[in-house]
Every structure is written in structure tokens, then in C-alpha cells.
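Raw structure-v7.tsv, TSV, C-alpha atoms:
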```
chain	number	residue	atom	x	y	z
M	2	MET	CA	-2.10	-16.82	-13.38
M	3	LEU	CA	-1.41	-18.17	-9.89
M	4	LYS	CA	1.75	-19.88	-11.15
M	5	GLN	CA	2.99	-16.62	-12.66
M	6	ARG	CA	2.19	-14.75	-9.46
M	7	LEU	CA	4.11	-17.25	-7.35
M	8	LEU	CA	7.15	-17.31	-9.65
M	9	THR	CA	7.32	-13.51	-9.75
M	10	ALA	CA	6.93	-13.30	-5.97
M	11	LEU	CA	9.63	-15.93	-5.40
M	12	LEU	CA	11.99	-13.86	-7.54
M	13	LEU	CA	11.18	-10.39	-6.23
M	14	ILE	CA	10.71	-10.96	-2.48
M	15	PRO	CA	14.28	-12.18	-1.80
M	16	ILE	CA	15.68	-9.27	-3.86
M	17	PHE	CA	13.57	-6.77	-1.96
M	18	ILE	CA	14.45	-8.24	1.45
M	19	PHE	CA	18.15	-8.10	0.50
M	20	ILE	CA	17.79	-4.40	-0.37
M	21	VAL	CA	15.95	-3.71	2.90
M	22	LEU	CA	18.65	-5.47	4.89
M	23	LYS	CA	21.80	-4.36	3.09
M	24	ALA	CA	21.26	-1.10	1.21
M	25	SER	CA	22.52	2.15	2.67
M	26	SER	CA	19.96	4.83	3.52
M	27	HIS	CA	20.79	6.83	0.38
M	28	VAL	CA	20.53	3.77	-1.84
M	29	PHE	CA	17.24	2.78	-0.23
M	30	TYR	CA	15.84	6.30	-0.66
M	31	SER	CA	16.84	6.17	-4.32
M	32	PHE	CA	15.48	2.66	-4.88
M	33	THR	CA	12.11	3.42	-3.30
M	34	GLY	CA	12.03	6.77	-5.09
M	35	LEU	CA	12.50	4.97	-8.40
M	36	VAL	CA	9.60	2.66	-7.56
M	37	VAL	CA	7.41	5.67	-6.78
M	38	VAL	CA	8.36	7.49	-9.99
M	39	TRP	CA	7.62	4.35	-12.02
M	40	GLY	CA	4.32	4.11	-10.17
M	41	ALA	CA	3.65	7.73	-11.10
M	42	GLY	CA	4.10	6.77	-14.74
M	43	GLU	CA	1.40	4.14	-14.30
M	44	TRP	CA	-0.73	6.64	-12.39
M	45	SER	CA	-0.81	8.81	-15.52
M	46	PHE	CA	-2.74	5.95	-17.16
M	47	LEU	CA	-5.34	6.23	-14.39
M	48	MET	CA	-5.58	9.92	-15.28
M	49	GLY	CA	-6.27	8.97	-18.89
M	50	VAL	CA	-2.87	10.20	-20.13
M	51	LYS	CA	-1.44	7.34	-22.17
M	52	GLN	CA	0.45	8.92	-25.04
M	53	PHE	CA	4.19	9.61	-25.10
M	54	PRO	CA	5.65	12.14	-24.24
M	55	GLN	CA	2.62	13.47	-22.28
M	56	ASN	CA	2.73	10.51	-19.93
M	57	CYS	CA	6.27	11.51	-18.85
M	58	ILE	CA	5.08	14.79	-17.33
M	59	TYR	CA	3.49	13.31	-14.22
M	60	PRO	CA	6.57	11.25	-13.19
M	61	LEU	CA	8.67	14.45	-13.48
M	62	VAL	CA	6.15	16.25	-11.28
M	63	MET	CA	6.37	13.37	-8.81
M	64	ILE	CA	10.17	13.71	-8.60
M	65	PHE	CA	9.72	17.37	-7.70
M	66	MET	CA	7.08	16.49	-5.09
M	67	LEU	CA	9.38	13.93	-3.49
M	68	PHE	CA	12.08	16.57	-3.01
M	69	ILE	CA	9.56	19.02	-1.54
M	70	ALA	CA	8.02	16.41	0.79
M	71	TYR	CA	11.48	15.35	2.02
M	72	LEU	CA	11.86	18.83	3.57
M	73	LEU	CA	8.55	18.68	5.45
M	74	PRO	CA	8.11	17.41	9.04
M	75	ILE	CA	7.34	13.72	8.67
M	76	VAL	CA	4.68	13.59	11.40
M	77	ILE	CA	2.64	16.31	9.66
M	78	VAL	CA	2.86	14.41	6.38
M	79	LEU	CA	1.70	11.21	8.11
M	80	TRP	CA	-1.31	12.94	9.69
M	81	ILE	CA	-2.27	14.47	6.32
M	82	ALA	CA	-1.86	11.08	4.63
M	83	CYS	CA	-4.06	9.30	7.17
M	84	SER	CA	-6.70	12.02	6.79
M	85	PHE	CA	-6.56	11.52	3.03
M	86	TRP	CA	-7.12	7.78	3.42
M	87	ILE	CA	-10.15	8.34	5.63
M	88	VAL	CA	-11.65	10.47	2.84
M	89	ALA	CA	-10.63	7.76	0.35
M	90	ALA	CA	-12.58	5.21	2.39
M	91	PHE	CA	-15.77	7.20	1.79
M	92	LEU	CA	-15.01	7.53	-1.94
M	93	VAL	CA	-14.53	3.76	-2.19
M	94	GLY	CA	-17.55	2.96	-0.02
M	95	PHE	CA	-19.94	5.11	-2.03
M	96	TYR	CA	-18.51	4.44	-5.51
M	97	PRO	CA	-19.82	5.11	-8.16
M	98	GLN	CA	-21.79	7.84	-6.41
M	99	GLY	CA	-19.89	11.12	-6.20
M	100	VAL	CA	-17.48	10.20	-8.99
M	101	THR	CA	-18.39	13.30	-10.99
M	102	TRP	CA	-16.50	15.70	-8.72
M	103	TRP	CA	-13.22	13.78	-8.56
M	104	ARG	CA	-12.89	12.24	-12.04
M	105	ASN	CA	-11.04	15.33	-13.34
M	106	LYS	CA	-7.43	14.58	-14.36
M	107	SER	CA	-6.04	17.24	-12.05
M	108	VAL	CA	-7.92	15.84	-9.04
M	109	ILE	CA	-6.73	12.31	-9.79
M	110	GLY	CA	-3.22	13.69	-10.16
M	111	LEU	CA	-3.45	15.28	-6.69
M	112	MET	CA	-4.71	11.95	-5.39
M	113	GLY	CA	-1.59	10.33	-6.80
M	114	VAL	CA	0.58	12.72	-4.81
M	115	GLY	CA	-1.43	11.90	-1.68
M	116	VAL	CA	-1.03	8.18	-2.33
M	117	LEU	CA	2.59	7.86	-3.44
M	118	VAL	CA	4.58	10.59	-1.67
M	119	PRO	CA	3.57	9.78	1.96
M	120	CYS	CA	4.13	6.08	1.27
M	121	TRP	CA	7.70	6.79	0.15
M	122	LEU	CA	8.37	8.97	3.18
M	123	ALA	CA	6.78	6.49	5.60
M	124	VAL	CA	8.74	3.49	4.33
M	125	ASN	CA	12.05	5.35	4.62
M	126	PHE	CA	11.09	6.90	7.95
M	127	ILE	CA	10.37	3.46	9.40
M	128	ARG	CA	13.59	1.95	8.07
M	129	ASN	CA	15.74	4.77	9.44
M	130	GLY	CA	14.24	4.59	12.95
M	131	ASP	CA	15.18	2.46	15.93
M	132	ASN	CA	14.77	-1.22	14.99
M	133	GLY	CA	13.64	0.17	11.64
M	134	ILE	CA	14.62	-2.76	9.46
M	135	MET	CA	12.75	-5.20	11.69
M	136	LEU	CA	9.67	-2.96	11.83
M	137	LEU	CA	9.66	-2.51	8.05
M	138	LEU	CA	9.87	-6.28	7.57
M	139	VAL	CA	6.98	-6.66	10.04
M	140	LEU	CA	4.94	-4.23	7.94
M	141	PHE	CA	5.58	-6.22	4.78
M	142	LEU	CA	4.90	-9.52	6.52
M	143	LEU	CA	1.52	-8.19	7.67
M	144	ILE	CA	0.64	-6.98	4.18
M	145	TRP	CA	1.83	-10.13	2.40
M	146	GLY	CA	0.18	-12.39	4.96
M	147	ALA	CA	-3.12	-10.53	4.81
M	148	ASP	CA	-3.06	-10.50	1.00
M	149	SER	CA	-2.44	-14.25	0.89
M	150	GLY	CA	-5.10	-14.91	3.53
M	151	ALA	CA	-7.65	-12.83	1.65
M	152	TYR	CA	-6.83	-14.57	-1.63
M	153	PHE	CA	-7.05	-18.16	-0.38
M	154	PHE	CA	-10.00	-17.63	1.97
M	155	GLY	CA	-11.82	-15.80	-0.79
M	156	LYS	CA	-11.13	-18.58	-3.29
M	157	LYS	CA	-12.20	-21.30	-0.86
M	158	TRP	CA	-15.17	-19.78	0.94
M	159	GLY	CA	-15.89	-16.44	-0.73
M	160	LYS	CA	-19.62	-15.97	-1.39
M	161	HIS	CA	-20.54	-12.51	-0.14
M	162	LYS	CA	-19.17	-9.63	-2.19
M	163	LEU	CA	-17.38	-6.90	-0.28
M	164	LEU	CA	-17.74	-3.97	-2.71
M	165	PRO	CA	-18.84	-5.38	-6.07
M	166	ASN	CA	-18.93	-1.95	-7.74
M	167	VAL	CA	-15.24	-1.48	-6.94
M	168	SER	CA	-13.69	-4.95	-6.99
M	169	PRO	CA	-16.05	-7.84	-7.82
M	170	GLY	CA	-13.53	-10.47	-6.77
M	171	LYS	CA	-13.18	-9.37	-3.15
M	172	THR	CA	-15.43	-10.92	-0.53
M	173	TRP	CA	-16.23	-10.54	3.14
M	174	GLU	CA	-14.84	-14.03	3.67
M	175	GLY	CA	-11.55	-12.88	2.13
M	176	LEU	CA	-11.51	-9.89	4.47
M	177	MET	CA	-12.06	-12.17	7.46
M	178	GLY	CA	-9.24	-14.40	6.22
M	179	ALA	CA	-6.90	-11.40	6.01
M	180	LEU	CA	-7.72	-10.36	9.58
M	181	LEU	CA	-7.38	-13.92	10.87
M	182	ILE	CA	-3.93	-14.30	9.32
M	183	THR	CA	-2.99	-10.92	10.81
M	184	VAL	CA	-3.94	-12.13	14.28
M	185	VAL	CA	-1.99	-15.37	13.81
M	186	ILE	CA	1.13	-13.56	12.57
M	187	SER	CA	0.91	-11.07	15.42
M	188	ILE	CA	0.53	-13.71	18.11
M	189	LEU	CA	3.42	-15.75	16.72
M	190	GLY	CA	5.49	-12.59	16.77
M	191	PHE	CA	4.54	-11.87	20.38
M	192	PHE	CA	5.62	-15.35	21.42
M	193	ASP	CA	8.85	-15.11	19.46
M	194	LEU	CA	9.73	-11.76	21.07
M	195	VAL	CA	8.55	-12.96	24.50
M	196	ILE	CA	6.10	-10.07	24.85
M	197	PRO	CA	3.89	-10.35	27.98
M	198	PHE	CA	0.21	-10.99	27.31
M	199	SER	CA	-0.72	-7.71	29.00
M	200	ARG	CA	1.13	-5.82	26.26
M	201	TRP	CA	-0.52	-7.60	23.32
M	202	PRO	CA	-3.62	-5.41	22.76
M	203	LEU	CA	-1.94	-2.24	21.43
M	204	PRO	CA	0.40	-3.81	18.84
M	205	LEU	CA	-2.36	-6.21	17.80
M	206	LEU	CA	-4.73	-3.27	17.30
M	207	LEU	CA	-2.10	-1.45	15.22
M	208	ALA	CA	-1.56	-4.58	13.11
M	209	LEU	CA	-5.29	-4.95	12.43
M	210	ILE	CA	-5.75	-1.26	11.60
M	211	THR	CA	-2.72	-1.40	9.30
M	212	VAL	CA	-4.14	-4.39	7.44
M	213	LEU	CA	-7.57	-2.77	7.10
M	214	PHE	CA	-5.92	0.25	5.52
M	215	SER	CA	-3.85	-2.01	3.27
M	216	ILE	CA	-7.11	-3.43	1.95
M	217	LEU	CA	-8.40	0.11	1.48
M	218	GLY	CA	-5.31	0.95	-0.58
M	219	ASP	CA	-6.01	-2.05	-2.81
M	220	LEU	CA	-9.67	-1.07	-3.19
M	221	PHE	CA	-8.81	2.56	-3.91
M	222	GLU	CA	-6.57	1.62	-6.82
M	223	SER	CA	-9.20	-0.86	-8.04
M	224	MET	CA	-11.75	1.97	-8.04
M	225	LEU	CA	-9.48	4.20	-10.12
M	226	LYS	CA	-8.69	1.38	-12.55
M	227	ARG	CA	-12.39	0.63	-12.94
M	228	ARG	CA	-13.11	4.28	-13.66
M	229	ALA	CA	-10.28	4.35	-16.20
M	230	GLY	CA	-11.34	1.05	-17.80
M	231	LEU	CA	-8.09	-0.73	-16.90
M	232	LYS	CA	-7.56	-4.26	-15.61
M	233	ASP	CA	-3.98	-3.68	-14.46
M	234	SER	CA	-1.96	-0.53	-13.91
M	235	GLY	CA	0.83	-1.89	-16.11
M	236	ARG	CA	2.55	-5.00	-17.45
M	237	LEU	CA	5.92	-4.86	-15.74
M	238	LEU	CA	5.42	-7.88	-13.44
M	239	PRO	CA	4.09	-11.14	-14.95
M	240	GLY	CA	0.98	-12.28	-13.12
M	241	HIS	CA	0.95	-9.15	-10.97
M	242	GLY	CA	0.38	-6.32	-13.43
M	243	GLY	CA	2.23	-3.08	-12.79
M	244	ILE	CA	4.12	-1.51	-9.92
M	245	LEU	CA	0.96	0.12	-8.58
M	246	ASP	CA	-0.74	-3.27	-8.46
M	247	ARG	CA	2.04	-4.46	-6.13
M	248	ILE	CA	2.33	-1.42	-3.87
M	249	ASP	CA	-1.36	-0.40	-3.69
M	250	SER	CA	-1.76	-2.03	-0.26
M	251	LEU	CA	1.47	-0.46	0.97
M	252	THR	CA	0.47	3.05	-0.07
M	253	ALA	CA	-2.21	3.19	2.63
M	254	ALA	CA	-0.68	0.81	5.16
M	255	ALA	CA	2.78	2.43	5.42
M	256	PRO	CA	1.67	5.91	6.59
M	257	VAL	CA	-0.84	4.42	9.04
M	258	PHE	CA	1.71	1.98	10.45
M	259	ALA	CA	4.35	4.72	10.72
M	260	LEU	CA	1.98	7.11	12.47
M	261	GLY	CA	0.94	4.33	14.85
M	262	LEU	CA	4.59	3.71	15.71
M	263	VAL	CA	5.05	7.42	16.43
M	264	ILE	CA	1.91	7.67	18.58
M	265	CYS	CA	2.95	4.59	20.58
M	266	HIS	CA	6.54	5.90	20.86
M	267	TRP	CA	7.91	2.74	19.27
M	268	ILE	CA	10.06	4.64	16.80
```
Would it be possible to restate this file's structure as C-alpha cells?
Amino acid sequence: MLKQRLLTALLLIPIFIFIVLKASSHVFYSFTGLVVVWGAGEWSFLMGVKQFPQNCIYPLVMIFMLFIAYLLPIVIVLWIACSFWIVAAFLVGFYPQGVTWWRNKSVIGLMGVGVLVPCWLAVNFIRNGDNGIMLLLVLFLLIWGADSGAYFFGKKWGKHKLLPNVSPGKTWEGLMGALLITVVISILGFFDLVIPFSRWPLPLLLALITVLFSILGDLFESMLKRRAGLKDSGRLLPGHGGILDRIDSLTAAAPVFALGLVICHWI
């Protein structure tokens, strides 16, 4: 499994970085929109809709929602998204308690809109801003670094389960590893950019908050998969599962990171 994960990552990461660096804004909007629509197809499985052609309805709805959201003020969307993720934190923390009121297909479908649409807007908003490409790569570096830190720290030292009802494999030690790697990446970045020590606290805080929300995004999808009786959201990526399994961390991290950049006037 680890070998498959590494091979897939080694193939996909350079392709993605090339698209981030070289694609025009319209191409990038379309590419990320395609990823979201594919993710919406997998989200229909979480809703319990698995038969063709019924499982094509939700992706079509998602396309419509992307067009609608594109017309809305981005800052309002980001605030709504962050509010949604705070509610999601309570759903994850108390799972399986309270599941009865949100297990309805329509509610899970609305959750999918709240997860996927703001992520798409946030990623494109970041890339189109001042120093946007660099900031977007920083976001992905934080997510990838934290994910790797959590995985290897959890494998090596993981003993205390984080939320066993949601994701039995995640541990407090893995969480600490993710935060430690985040601090290391941030400090290396500060040195590389020659940022004075007095200006470290705010970007470091944003990095840590972003990573915490990235973990929440992962846990939220794990909760929905557990409720739906699924191990992976799909089979598109060998060793990684589906598209949702790869962007689950990003779905929560991107809106939080983008809103943080706006609040700090860094974009």
C-alpha cells in the first residue's frame, strides 16, 4: 500500500505543480472545477446513491452550484465555509451521537456543497491573488508535510487513538507529528524568505490553524465514509482511493487559509 501511495504521489505531484505554475487562470478554473465535479460524483456514494444514472445527478447539481458561487463575494463565501467547518468539528467530535439528524441524503448533499464549492473558490482565489502561486504552493506544502508527519509519527509512536469512532488509525501522536512538521516547514520558510523573528507568530499561527483544519477535513470525510460503510471514496488513484480521499484535507484547509490571508491583508 505504501509503495502504491508513493508511486502515485510521485506521478501526480509534478503534474499538479506544473499546472499550478503554468496553466492560465481559465484553464486552472476548469481543471479544479473538473476535480470538484469528479469529487461530487464520489460524494453521491457517501449519500448512498450508487446506481447509474442516478449518481450523475449530484455532479450536475455541483456544476450549477459552482457557477452560482462564482458570482458571490468571495469573502462572504469564505466566512460561511469556515463557520460550516466549525459546526463540522462538533459533528466529528461527537460522532456517532447526533447522526440521526444529518444522515438524510439531502443534508449530506448540502454538506457536499459546503465542502467542495468553497474549496474550489478558495484555491482559485489564492492563485489569482498577489504572490498567489507561491501562496498556493505553501498551502499544499503545509498539507502534504502535515499528512506525511502524521502518517510516519503515527506508524512509529502512535498509541493513543484520536477519534476511534471516526478514524481508528489516527492517533494523538500522529497529530503532534503533523504540527511539529508544520512548525519546521514554517521556520525553514521564514529563514528562506529572511522574515524577522518578530513577524513569525502570525504566519506560524495561520499555518498551524490551517493544518488543524486540514486534519478536520480528513476526519469529516472519514466520518461520512464510516456512516456509508465505505473504505475509500473511489478507486481512481492506486493506493490513495478516490479524488475525495486526496482532497479531503484541502477542502477544509483552503477556505481557512484563504480567509486568514484576507484578514492579515496578505492577499
Q. Between M:Pro256, M:Gly170, M:Met112, M:Cys265, which one has atoms that come closest to Glu222 of chain M, using all atoms listed in the file?
A.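 Ranked by minimum distance to Glu222 of chain M, first place goes to M:Met112.
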Q.
Applying 12 Å and only C-alpha atoms, which residues near Thr183 of chain M remain after dropping the ones on its own chain fewer than 6 positions away? List them as a list in words.
A.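 Those residues are Val139, Leu140, Phe141, Leu142, Leu143, Ile144, Trp145, Gly146, Ala147, Asp148, Ser149, Gly150, Ala151, Leu176, Met177, Leu189, Gly190, Pro204, Leu205, Leu206, Leu207, Ala208, Leu209, Ile210, Thr211, Val212, Leu213 and Ser215 of chain M.
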(Q) Could you list, as a ChimeraX atom specification, every residue within 9 Å of segment 105-110 of chain M, counting all atoms listed in the file and ignoring same-chain residues fewer than 4 positions away? (A) /M:44-45,47-50,59,101,114-115,225
**Q.** Exercise: Ile20 of chain M partners within 8 Å, all atoms listed in the file, chain neighbours under 4 positions left out, as a ChimeraX atom specification
**A.** /M:16,24,29
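One distance worth recording is that between atom CA of Gly42 of chain M and atom CA of Val167 of chain M, which is 22.4 Å.
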Q: In the coordinate frame of the file, compute which residues have an atom within 12 Å of (3.3, 7.2, 13.6) when using all atoms listed in the file, and state them as a count of residues only.
A: 33
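For the set M:Trp102, M:Phe95, M:Phe154, M:Phe191, the residue with the smallest atom-to-atom gap to Met224 of chain M is M:Phe95, counting all atoms listed in the file.
Atom CA of Val38 of chain M sits 6.3 Å away from atom CA of Met63 of chain M.
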(Q) Under the rule that only C-alpha atoms are counted, which of M:Pro15, M:Gly133, M:Pro60, M:Pro165 is the nearest residue to Val93 of chain M? (A)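 Result for the nearest residue to Val93 of chain M: M:Pro165.
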Q: Figure out the distance between atom CA of Ala41 of chain M and atom CA of Ile244 of chain M, please, to one decimal in Å.
A: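 Here the two named atoms are 9.3 Å from each other.
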Q.
Is it possible to get the residues within 8 Å of (-14.3, 7.8, -5.7) (coordinates as in the file, counting all atoms listed in the file) written as a PyMOL selection string?
A. chain M and resi 89+91-93+95-100+103-104+221+224-225
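Distances to Leu164 of chain M were evaluated for M:Val37, M:Leu217, M:Ala229, M:Leu111 using only C-alpha atoms, and the minimum falls at M:Leu217.
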